[in-house]
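Pasted below: target.cif, mmCIF, C-alpha atoms.
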```cif
data_structure
loop_
_atom_site.label_atom_id
_atom_site.label_comp_id
_atom_site.auth_asym_id
_atom_site.auth_seq_id
_atom_site.Cartn_x
_atom_site.Cartn_y
_atom_site.Cartn_z
CA THR E 135 104.96 110.12 97.55
CA VAL E 136 106.64 106.70 97.39
CA THR E 137 104.23 105.45 100.06
CA MET E 138 101.22 106.72 98.08
CA PHE E 139 102.35 104.82 94.99
CA CYS E 140 102.36 101.60 97.03
CA GLU E 141 98.60 101.85 97.54
CA PHE E 142 97.54 100.22 94.26
CA PRO E 143 99.84 97.16 94.36
CA SER E 144 99.12 96.71 98.06
CA PHE E 145 95.36 96.59 97.48
CA ILE E 146 95.68 94.15 94.57
CA VAL E 147 98.11 91.80 96.33
CA GLY E 148 96.37 92.27 99.68
CA GLY E 149 92.99 91.32 98.23
CA TRP E 150 94.47 88.17 96.70
CA LEU E 151 96.26 87.21 99.93
CA MET E 152 93.09 87.78 101.99
CA ASN E 153 91.19 85.38 99.77
CA LYS E 154 93.95 82.78 100.01
CA PHE E 155 94.92 83.01 103.70
CA GLY E 156 92.14 84.99 105.38
CA ILE E 157 92.05 88.54 106.71
CA LYS E 158 93.67 87.88 110.07
CA LYS E 159 96.91 86.37 108.76
CA VAL E 160 97.38 89.22 106.29
CA GLN E 161 96.63 91.78 108.98
CA VAL E 162 99.08 90.31 111.50
CA THR E 163 101.83 90.04 108.89
CA SER E 164 101.24 93.60 107.63
CA GLY E 165 101.24 95.01 111.16
CA VAL E 166 104.56 93.38 112.07
CA LEU E 167 106.04 94.38 108.70
CA TYR E 168 105.11 98.02 109.31
CA GLY E 169 106.86 98.10 112.68
CA ALA E 170 109.90 96.38 111.20
CA ALA E 171 110.06 98.97 108.40
CA ILE E 172 110.17 101.84 110.90
CA LEU E 173 112.82 99.98 112.92
CA ILE E 174 115.02 99.41 109.84
CA SER E 175 114.73 103.07 108.83
CA GLY E 176 116.17 104.05 112.22
CA LEU E 177 119.13 101.67 111.92
CA THR E 178 120.30 102.64 108.44
CA SER E 179 122.54 105.50 107.34
CA SER E 180 121.69 104.95 103.66
CA VAL E 181 119.16 107.25 102.03
CA ALA E 182 118.15 104.52 99.58
CA VAL E 183 117.49 101.99 102.35
CA PHE E 184 115.57 104.65 104.32
CA VAL E 185 113.32 105.37 101.32
CA VAL E 186 112.72 101.66 100.69
CA ALA E 187 111.93 101.03 104.37
CA GLN E 188 109.76 104.10 105.05
CA GLY E 189 108.30 104.39 101.55
CA VAL E 190 107.92 100.94 100.02
CA MET E 191 107.99 98.50 102.94
CA ALA E 192 105.98 100.66 105.36
CA GLY E 193 103.63 101.75 102.56
CA LEU E 194 102.78 98.20 101.50
CA ALA E 195 102.29 97.15 105.13
CA MET E 196 100.17 100.19 106.05
CA TYR E 197 97.79 99.71 103.14
CA GLY E 198 97.76 95.97 103.84
CA VAL E 199 96.35 96.67 107.30
CA TYR E 200 93.98 99.24 105.79
CA ILE E 201 92.37 96.94 103.21
CA CYS E 202 91.94 94.24 105.89
CA ASN E 203 90.14 96.75 108.10
CA VAL E 204 87.86 97.82 105.25
CA ALA E 205 86.98 94.20 104.44
CA LEU E 206 86.30 93.42 108.10
CA ILE E 207 84.11 96.47 108.60
CA ASN E 208 82.14 95.65 105.47
CA ALA E 209 81.54 92.12 106.81
CA LEU E 210 80.95 92.85 110.49
CA PHE E 211 79.09 96.19 110.30
CA PRO E 212 77.36 96.34 106.88
CA LYS E 213 74.54 98.59 108.15
CA ASN E 214 76.80 101.05 110.00
CA LYS E 215 80.03 100.86 108.05
CA GLY E 216 80.19 104.64 107.60
CA LEU E 217 80.24 105.26 111.35
CA VAL E 218 82.65 102.40 112.06
CA MET E 219 85.05 103.47 109.31
CA GLY E 220 84.80 106.98 110.70
CA ILE E 221 85.78 105.72 114.15
CA MET E 222 88.73 103.89 112.61
CA PHE E 223 90.00 106.98 110.80
CA GLY E 224 89.14 109.11 113.81
CA ALA E 225 91.48 106.97 115.89
CA GLN E 226 94.14 107.65 113.28
CA GLY E 227 93.64 111.39 113.75
CA ILE E 228 93.76 111.06 117.54
CA GLY E 229 97.06 109.24 117.16
CA SER E 230 98.59 112.22 115.38
CA ILE E 231 97.33 114.56 118.11
CA ILE E 232 99.14 112.55 120.75
CA LEU E 233 102.25 111.53 118.84
CA ALA E 234 103.18 114.76 117.00
CA PRO E 235 104.32 116.77 120.06
CA ILE E 236 105.81 113.69 121.73
CA LEU E 237 107.90 112.83 118.68
CA ALA E 238 108.91 116.48 118.15
CA TYR E 239 110.19 116.62 121.75
CA SER E 240 111.85 113.18 121.54
CA ILE E 241 113.76 114.01 118.35
CA GLN E 242 115.09 117.18 119.98
CA ALA E 243 116.01 115.34 123.20
CA PHE E 244 117.59 112.31 121.52
CA THR E 245 118.37 111.55 117.88
CA ALA E 246 116.01 110.73 115.02
CA SER E 247 117.63 107.30 114.72
CA ILE E 248 116.98 106.36 118.36
CA VAL E 249 113.40 107.61 118.15
CA LEU E 250 112.69 105.60 114.98
CA VAL E 251 114.15 102.42 116.47
CA ALA E 252 112.05 102.83 119.64
CA GLU E 253 108.97 103.68 117.55
CA GLY E 254 109.49 100.59 115.39
CA ILE E 255 109.76 98.29 118.42
CA ILE E 256 106.60 99.80 119.96
CA PHE E 257 104.72 99.45 116.66
CA ILE E 258 105.72 95.78 116.31
CA ILE E 259 104.49 94.95 119.81
CA VAL E 260 101.28 97.00 119.63
CA LEU E 261 100.28 96.01 116.09
CA PHE E 262 101.04 92.33 116.65
CA THR E 263 98.94 92.31 119.81
CA ALA E 264 96.07 94.29 118.25
CA THR E 265 95.90 92.28 115.03
CA MET E 266 96.04 88.96 116.91
CA LEU E 267 92.82 90.00 118.65
CA VAL E 268 90.98 90.56 115.35
CA TYR E 269 88.07 88.23 114.59
CA ASP E 270 87.46 87.40 110.92
CA PRO E 271 83.99 85.88 110.43
CA THR E 272 84.47 85.36 106.69
CA LYS E 273 87.85 83.57 106.67
CA GLY E 274 88.63 85.55 103.51
CA ASN E 275 85.62 84.15 101.63
CA ARG E 276 84.28 86.80 99.24
CA GLU E 277 81.00 85.00 98.69
CA LEU E 278 80.40 84.94 102.45
CA GLN E 279 81.26 88.67 102.65
CA ALA E 280 78.70 89.36 99.90
CA ARG E 281 76.06 87.21 101.61
CA ILE E 282 76.52 88.99 104.95
CA GLN E 283 76.12 92.35 103.21
CA LYS E 284 73.07 91.14 101.27
CA GLU E 285 71.35 89.80 104.40
CA ALA E 286 71.92 93.11 106.19
CA ASP E 287 70.60 95.08 103.21
CA GLU E 288 67.51 92.87 102.99
CA GLN E 289 66.84 93.14 106.72
CA GLU E 290 67.27 96.93 106.66
CA LEU E 291 64.90 97.30 103.71
CA ALA E 292 62.36 94.88 105.19
CA GLU E 293 62.25 96.95 108.36
CA ALA E 294 61.65 100.13 106.35
CA ILE E 295 59.29 98.77 103.66
CA ALA E 296 57.37 95.72 104.83
CA GLY E 297 56.40 93.26 102.12
CA LYS E 298 58.47 94.79 99.29
CA GLU E 299 61.31 93.15 97.41
CA ALA E 300 64.73 93.52 99.00
CA GLY E 301 67.27 95.75 97.30
CA ALA E 302 70.10 94.23 95.29
CA LEU E 303 73.80 94.48 95.98
CA PRO E 304 75.96 96.55 93.62
CA THR E 305 77.01 94.33 90.71
CA MET E 306 79.32 96.48 88.60
CA ARG E 307 82.64 94.65 88.15
CA TRP E 308 85.98 96.39 87.93
CA LYS E 309 86.34 96.12 84.15
CA ARG E 310 82.95 97.76 83.64
CA ALA E 311 83.83 100.39 86.23
CA LEU E 312 86.81 101.52 84.15
CA THR E 313 84.55 102.21 81.16
CA HIS E 314 81.80 103.94 83.16
CA PRO E 315 82.02 107.72 83.77
CA ALA E 316 81.13 107.45 87.48
CA PHE E 317 84.47 105.84 88.35
CA TRP E 318 86.44 108.66 86.74
CA LEU E 319 84.21 111.33 88.26
CA ILE E 320 84.94 109.85 91.71
CA PHE E 321 88.62 109.56 90.78
CA ILE E 322 88.93 113.26 89.88
CA SER E 323 86.71 114.30 92.79
CA ILE E 324 89.09 112.66 95.27
CA ILE E 325 92.07 114.49 93.77
CA ALA E 326 90.24 117.82 93.83
CA VAL E 327 88.80 117.67 97.36
CA GLN E 328 91.91 116.10 98.88
CA MET E 329 94.37 118.58 97.34
CA ILE E 330 94.46 120.96 100.31
CA GLY E 331 94.65 118.04 102.73
CA ASN E 332 97.69 116.63 100.96
CA VAL E 333 99.30 120.06 100.96
CA LEU E 334 98.86 120.34 104.72
CA VAL E 335 99.48 116.74 105.73
CA THR E 336 103.08 117.10 104.52
CA ASP E 337 103.74 120.87 104.49
CA ILE E 338 101.67 122.07 107.45
CA ALA E 339 104.64 122.72 109.75
CA VAL E 340 106.79 124.15 106.94
CA LEU E 341 104.04 126.60 105.96
CA ALA E 342 103.49 127.62 109.58
CA GLU E 343 107.18 128.43 110.02
CA ALA E 344 107.59 130.10 106.61
CA VAL E 345 104.38 132.16 106.50
CA TYR E 346 103.79 132.93 110.19
CA LYS E 347 107.42 132.77 111.46
CA VAL E 348 106.59 130.47 114.39
CA ASN E 349 109.06 128.08 116.02
CA GLU E 350 109.18 124.29 115.70
CA THR E 351 107.20 123.72 118.89
CA ASP E 352 104.31 125.90 117.72
CA SER E 353 104.33 124.26 114.30
CA ALA E 354 104.13 120.82 115.98
CA TRP E 355 100.95 121.96 117.75
CA VAL E 356 99.47 122.93 114.39
CA VAL E 357 100.07 119.34 113.29
CA SER E 358 98.09 118.29 116.36
CA ALA E 359 95.34 120.75 115.38
CA PHE E 360 95.11 119.01 112.02
CA GLY E 361 94.88 115.73 113.94
CA VAL E 362 92.02 117.07 116.07
CA GLY E 363 90.04 117.79 112.91
CA ALA E 364 90.99 114.43 111.43
CA GLY E 365 89.74 112.60 114.51
CA LEU E 366 86.42 114.42 114.44
CA GLY E 367 86.08 114.22 110.66
CA GLY E 368 86.31 110.47 110.42
CA ILE E 369 83.62 109.85 113.04
CA ILE E 370 81.19 112.65 112.14
CA ILE E 371 81.43 112.22 108.37
CA GLY E 372 81.05 108.46 108.74
CA TYR E 373 77.87 108.97 110.75
CA ILE E 374 76.46 111.50 108.28
CA SER E 375 77.26 109.16 105.37
CA ASP E 376 75.17 106.43 106.99
CA LYS E 377 72.23 108.87 107.10
CA ILE E 378 72.35 110.59 103.70
CA GLY E 379 74.77 108.46 101.65
CA PRO E 380 78.46 108.92 100.77
CA TYR E 381 77.92 110.79 97.50
CA LYS E 382 75.69 113.50 98.93
CA THR E 383 78.04 113.76 101.91
CA THR E 384 81.04 114.24 99.60
CA PHE E 385 79.15 116.88 97.62
CA LEU E 386 78.36 118.89 100.77
CA LEU E 387 81.84 118.38 102.22
CA GLY E 388 83.56 119.65 99.08
CA ILE E 389 81.33 122.72 98.73
CA ILE E 390 81.46 123.73 102.41
CA ASP E 391 85.22 123.18 102.63
CA GLY E 392 85.87 125.30 99.54
CA VAL E 393 83.72 128.14 100.90
CA LEU E 394 85.51 128.05 104.27
CA LEU E 395 88.91 128.20 102.56
CA LEU E 396 87.80 131.29 100.62
CA LEU E 397 86.51 132.90 103.82
CA PHE E 398 89.88 132.20 105.45
CA ILE E 399 91.62 134.14 102.69
CA LEU E 400 89.14 137.01 102.87
CA LEU E 401 88.97 137.35 106.66
CA GLY E 402 91.95 135.84 108.43
CA ALA E 403 94.86 134.70 106.29
CA GLU E 404 97.29 136.91 108.20
CA SER E 405 96.45 135.35 111.57
CA PHE E 406 98.30 132.28 112.87
CA MET E 407 95.28 131.36 115.02
CA ALA E 408 93.08 131.48 111.92
CA TYR E 409 95.62 129.21 110.20
CA ALA E 410 95.38 126.77 113.12
CA ALA E 411 91.58 126.87 112.87
CA ILE E 412 91.62 126.20 109.13
CA CYS E 413 94.04 123.32 109.77
CA ILE E 414 91.46 121.75 112.09
CA ILE E 415 88.83 122.13 109.36
CA GLN E 416 91.14 120.66 106.73
CA GLY E 417 91.97 117.72 108.98
CA PHE E 418 88.21 117.20 109.28
CA THR E 419 87.81 117.25 105.49
CA TYR E 420 90.90 115.14 104.81
CA ASN E 421 89.92 112.29 107.11
CA GLY E 422 86.26 112.71 106.17
CA MET E 423 87.14 112.05 102.53
CA THR E 424 89.42 109.18 103.52
CA THR E 425 86.44 107.67 105.34
CA LEU E 426 84.04 108.27 102.44
CA ASN E 427 86.19 106.72 99.72
CA PRO E 428 85.87 103.04 100.77
CA ILE E 429 82.17 103.59 101.58
CA MET E 430 81.56 104.89 98.05
CA ILE E 431 83.38 101.86 96.62
CA THR E 432 81.57 99.25 98.74
CA ASP E 433 78.20 100.90 98.00
CA SER E 434 78.81 101.12 94.25
CA TYR E 435 80.80 98.14 93.01
CA SER E 436 80.67 94.36 93.31
CA PRO E 437 81.98 92.99 96.65
CA LYS E 438 83.96 90.46 94.60
CA ASP E 439 86.17 93.27 93.27
CA LEU E 440 86.61 95.29 96.46
CA GLY E 441 90.41 95.08 96.53
CA THR E 442 90.79 95.73 92.80
CA VAL E 443 88.51 98.78 92.68
CA LEU E 444 90.03 100.22 95.88
CA GLY E 445 93.46 99.72 94.37
CA LEU E 446 92.52 101.41 91.10
CA MET E 447 90.88 104.27 92.96
CA GLY E 448 93.97 104.46 95.16
CA ILE E 449 95.92 105.75 92.16
CA SER E 450 94.05 109.04 92.69
CA TYR E 451 95.57 109.25 96.17
CA ALA E 452 99.01 108.57 94.71
CA ILE E 453 98.52 111.40 92.22
CA VAL E 454 97.28 113.94 94.75
CA GLY E 455 99.92 112.72 97.20
CA ALA E 456 102.61 113.55 94.65
CA ILE E 457 101.15 116.86 93.48
CA GLY E 458 99.88 118.30 96.78
CA PRO E 459 103.18 118.75 98.62
CA GLN E 460 104.78 120.34 95.55
CA ILE E 461 101.93 122.83 95.17
CA GLY E 462 102.24 123.72 98.85
CA LEU E 463 105.93 124.55 98.51
CA SER E 464 106.02 126.06 95.00
CA VAL E 465 102.84 128.18 94.80
CA PRO E 466 102.54 131.33 96.96
CA PHE E 467 100.38 130.78 100.05
CA VAL E 468 97.27 132.82 99.17
CA PRO E 469 96.96 131.70 95.52
CA MET E 470 97.54 128.11 96.69
CA ILE E 471 94.64 128.31 99.14
CA ILE E 472 92.36 129.86 96.49
CA LEU E 473 93.31 127.13 93.99
CA CYS E 474 92.53 124.41 96.55
CA ALA E 475 89.23 126.08 97.45
CA VAL E 476 88.10 126.07 93.82
CA LEU E 477 89.21 122.45 93.40
CA SER E 478 87.29 121.42 96.52
CA ILE E 479 84.06 122.95 95.21
CA ILE E 480 84.55 121.31 91.80
CA GLY E 481 85.28 117.98 93.50
CA GLY E 482 82.05 118.15 95.47
CA MET E 483 80.06 118.75 92.30
CA LEU E 484 81.79 115.85 90.53
CA ALA E 485 80.86 113.49 93.38
CA LYS E 486 77.21 114.42 92.99
CA MET E 487 77.43 113.77 89.24
CA ALA E 488 79.04 110.36 89.94
CA GLY E 489 76.20 109.35 92.25
CA ARG E 490 73.61 110.28 89.65
CA ALA E 491 75.48 108.35 86.94
CA LEU E 492 75.62 105.22 89.09
CA ASN E 493 71.93 105.39 89.98
CA LYS E 494 71.09 105.80 86.30
CA TYR E 495 73.23 102.76 85.46
CA TYR E 496 71.58 100.51 88.05
CA ARG E 497 68.08 101.63 87.05
CA ALA E 498 68.90 100.74 83.45
CA GLU E 499 70.10 97.32 84.65
CA GLY E 500 66.82 96.74 86.48
CA SER E 501 68.60 96.74 89.84
CA LYS E 502 67.28 98.14 93.10
CA CYS E 503 70.79 99.27 94.07
CA ALA E 504 70.95 103.00 94.83
CA VAL E 505 73.86 105.08 96.05
#
```

Would you mind writing the file out in structure tokens?
Amino acid sequence: TVTMFCEFPSFIVGGWLMNKFGIKKVQVTSGVLYGAAILISGLTSSVAVFVVAQGVMAGLAMYGVYICNVALINALFPKNKGLVMGIMFGAQGIGSIILAPILAYSIQAFTASIVLVAEGIIFIIVLFTATMLVYDPTKGNRELQARIQKEADEQELAEAIAGKEAGALPTMRWKRALTHPAFWLIFISIIAVQMIGNVLVTDIAVLAEAVYKVNETDSAWVVSAFGVGAGLGGIIIGYISDKIGPYKTTFLLGIIDGVLLLLFILLGAESFMAYAAICIIQGFTYNGMTTLNPIMITDSYSPKDLGTVLGLMGISYAIVGAIGPQIGLSVPFVPMIILCAVLSIIGGMLAKMAGRALNKYYRAEGSKCAV
């Protein structure tokens, strides 16, 4: 929860730092800071220091790397950003598949402190090396980012409709976004569709052990099952978004996910294997939505306000990140799943309404922008 609340300030400060120093410097610094935070959390015996290191320090660094990646993808791959963002979040899911059982075994074989220290050192080395290899073609220049996106949009439209006027970039600034209903429809949609994902991303092992009476090893494999879905969800949803748009994709994802959750309750809630299967599906939805969120923002709002709008929208993740785990532990299992299913369906419908509201706005402005 503390980490989730770091999303908004990290996006605001990160966007400002990227403009001042360039993406690469911010990315390298954030990567090293994240590894250092994990390392410090393994060395301390203080709960307060642990929370600051794992929650605040690691949270700010993690979202710092994230916003740099989003800005880079928007600049380097403007025509295929859905697929590329999906690959990025898919890699995140694959990481959980590999690391969950390894870390579960390591903590049992050694101590949590030793594992965290080793993990922190590995993260520092890997993230420093990876971020040093990043190429930033924009040098943090927002105008250049916007021009790259515009050129790609014009080329794409020219290929599809020869001789017609190129489409315009989204122009809605962040202050206008806050007074337009589409922003708040997206905001609530994220909370609704991501509720079950935030229940499972924190409580998945606890629920497996409490509801199905499995041991810690089996519950660790359920975490990996969630990671399998997350890896697939990022890539597949990103690809689909490039084909039909992020708003229609979110609508279909929310509806289908809600229906599958209801079918799980009706047909297989008593089966641990069915629970593992639904965890794969929820990993797919969770990372799919995580992929769609920045695509919706970059397609809908001015490139000049990317960090600000992402930060404001990130408050929705902080809210669902705080509520989700508590619902998972305080509401009985079956009613909790039903509640999340209904929320997912509502969230899908709200996303569709948001897309329509944005298209109506841009038509009224005389813009060719369409989401």

Kindly provide the residues of region 321-384 of chain E that approach region 456-461 of chain E to within 10 Å, each paired with its closest atom pair and their distance in Å to one decimal, based on only C-alpha atoms, listed by chain and increasing number, as CSV.
```
residue,atom,partner,partner_atom,distance
E:Ile325,CA,E:Gly458,CA,9.2
E:Gln328,CA,E:Gly458,CA,8.5
E:Met329,CA,E:Gly458,CA,5.5
E:Ile330,CA,E:Gly458,CA,7.0
E:Gly331,CA,E:Gly458,CA,7.9
E:Asn332,CA,E:Gly458,CA,5.0
E:Val333,CA,E:Gly458,CA,4.6
E:Leu334,CA,E:Pro459,CA,7.6
E:Val335,CA,E:Pro459,CA,8.3
E:Thr336,CA,E:Pro459,CA,6.1
E:Asp337,CA,E:Pro459,CA,6.3
E:Ile338,CA,E:Pro459,CA,9.6
```

Kindly export the residues of the current selection with C-alpha atoms, as a CSV table (one decimal), keeping the file's coordinate frame.
```csv
chain,number,residue,atom,x,y,z
E,325,ILE,CA,92.1,114.5,93.8
E,328,GLN,CA,91.9,116.1,98.9
E,329,MET,CA,94.4,118.6,97.3
E,330,ILE,CA,94.5,121.0,100.3
E,331,GLY,CA,94.6,118.0,102.7
E,332,ASN,CA,97.7,116.6,101.0
E,333,VAL,CA,99.3,120.1,101.0
E,334,LEU,CA,98.9,120.3,104.7
E,335,VAL,CA,99.5,116.7,105.7
E,336,THR,CA,103.1,117.1,104.5
E,337,ASP,CA,103.7,120.9,104.5
E,338,ILE,CA,101.7,122.1,107.4
```

(message) Restricting the calculation to all atoms listed in the file: of E:Met447, E:Glu499, E:Gly165, E:Val468, which residue gets closest to Trp318 (chain E)?
(response) E:Met447

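Ranking E:Gly482, E:Gly220, E:Pro437, E:Met191 by their shortest atom-to-atom distance to Gly367 (chain E), with all atoms listed in the file included, puts E:Gly220 first.
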
(request) Record the distance separating CA of Leu397 (chain E) and CA of Val345 (chain E), expressed in Å with one decimal. (result) 18.1 Å

(request) Tell me which residues the PyMOL selection byres ((chain E and resi 383) around 12) grabs here, as a PyMOL selection string. (result) chain E and resi 216+367+370-382+384-391+419+422-423+425-427+429-430+481-483+485-486+489+505

Next, dump the selected residues to file, keeping only C-alpha atoms, as a PDB file, in the frame of the given file.
```pdb
ATOM      1  CA  GLY E 216      80.190 104.640 107.600  1.00  0.00           C
ATOM      2  CA  GLY E 367      86.080 114.220 110.660  1.00  0.00           C
ATOM      3  CA  ILE E 370      81.190 112.650 112.140  1.00  0.00           C
ATOM      4  CA  ILE E 371      81.430 112.220 108.370  1.00  0.00           C
ATOM      5  CA  GLY E 372      81.050 108.460 108.740  1.00  0.00           C
ATOM      6  CA  TYR E 373      77.870 108.970 110.750  1.00  0.00           C
ATOM      7  CA  ILE E 374      76.460 111.500 108.280  1.00  0.00           C
ATOM      8  CA  SER E 375      77.260 109.160 105.370  1.00  0.00           C
ATOM      9  CA  ASP E 376      75.170 106.430 106.990  1.00  0.00           C
ATOM     10  CA  LYS E 377      72.230 108.870 107.100  1.00  0.00           C
ATOM     11  CA  ILE E 378      72.350 110.590 103.700  1.00  0.00           C
ATOM     12  CA  GLY E 379      74.770 108.460 101.650  1.00  0.00           C
ATOM     13  CA  PRO E 380      78.460 108.920 100.770  1.00  0.00           C
ATOM     14  CA  TYR E 381      77.920 110.790  97.500  1.00  0.00           C
ATOM     15  CA  LYS E 382      75.690 113.500  98.930  1.00  0.00           C
ATOM     16  CA  THR E 384      81.040 114.240  99.600  1.00  0.00           C
ATOM     17  CA  PHE E 385      79.150 116.880  97.620  1.00  0.00           C
ATOM     18  CA  LEU E 386      78.360 118.890 100.770  1.00  0.00           C
ATOM     19  CA  LEU E 387      81.840 118.380 102.220  1.00  0.00           C
ATOM     20  CA  GLY E 388      83.560 119.650  99.080  1.00  0.00           C
ATOM     21  CA  ILE E 389      81.330 122.720  98.730  1.00  0.00           C
ATOM     22  CA  ILE E 390      81.460 123.730 102.410  1.00  0.00           C
ATOM     23  CA  ASP E 391      85.220 123.180 102.630  1.00  0.00           C
ATOM     24  CA  THR E 419      87.810 117.250 105.490  1.00  0.00           C
ATOM     25  CA  GLY E 422      86.260 112.710 106.170  1.00  0.00           C
ATOM     26  CA  MET E 423      87.140 112.050 102.530  1.00  0.00           C
ATOM     27  CA  THR E 425      86.440 107.670 105.340  1.00  0.00           C
ATOM     28  CA  LEU E 426      84.040 108.270 102.440  1.00  0.00           C
ATOM     29  CA  ASN E 427      86.190 106.720  99.720  1.00  0.00           C
ATOM     30  CA  ILE E 429      82.170 103.590 101.580  1.00  0.00           C
ATOM     31  CA  MET E 430      81.560 104.890  98.050  1.00  0.00           C
ATOM     32  CA  GLY E 481      85.280 117.980  93.500  1.00  0.00           C
ATOM     33  CA  GLY E 482      82.050 118.150  95.470  1.00  0.00           C
ATOM     34  CA  MET E 483      80.060 118.750  92.300  1.00  0.00           C
ATOM     35  CA  ALA E 485      80.860 113.490  93.380  1.00  0.00           C
ATOM     36  CA  LYS E 486      77.210 114.420  92.990  1.00  0.00           C
ATOM     37  CA  GLY E 489      76.200 109.350  92.250  1.00  0.00           C
ATOM     38  CA  VAL E 505      73.860 105.080  96.050  1.00  0.00           C
TER      39      VAL E 505
END
```

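Between CA of Ala488 (chain E) and CA of His314 (chain E) there is a distance of 9.7 Å.
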
(request) Run the PyMOL selection byres ((chain E and resi 500-503) around 7) against the file shown and list the residues it catches, as a VMD selection string. (result) chain E and resid 301 to 304 496 to 499 504 to 505

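For the pair CA of Val183 (chain E) and CA of Ala171 (chain E), the separation is 10.0 Å.
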
(message) Show me, as a ChimeraX atom specification, the residues that have an atom within 8 Å of Leu396 (chain E) when counting all atoms listed in the file, minus same-chain residues fewer than 4 positions from it.
(response) /E:392,400,471-472,475

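The shell of residues at most 10 Å from Val268 (chain E), with all atoms listed in the file counted and near chain neighbours (fewer than 4 positions) removed, consists of Ile157, Lys158, Lys159, Gln161, Val162, Asn203, Leu206, Thr263 and Ala264 of chain E.
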
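With distances taken over all atoms listed in the file, E:Leu173 is the one residue among E:Val190, E:Leu173, E:Ala411, E:Ile201 lying closest to Ile259 (chain E).
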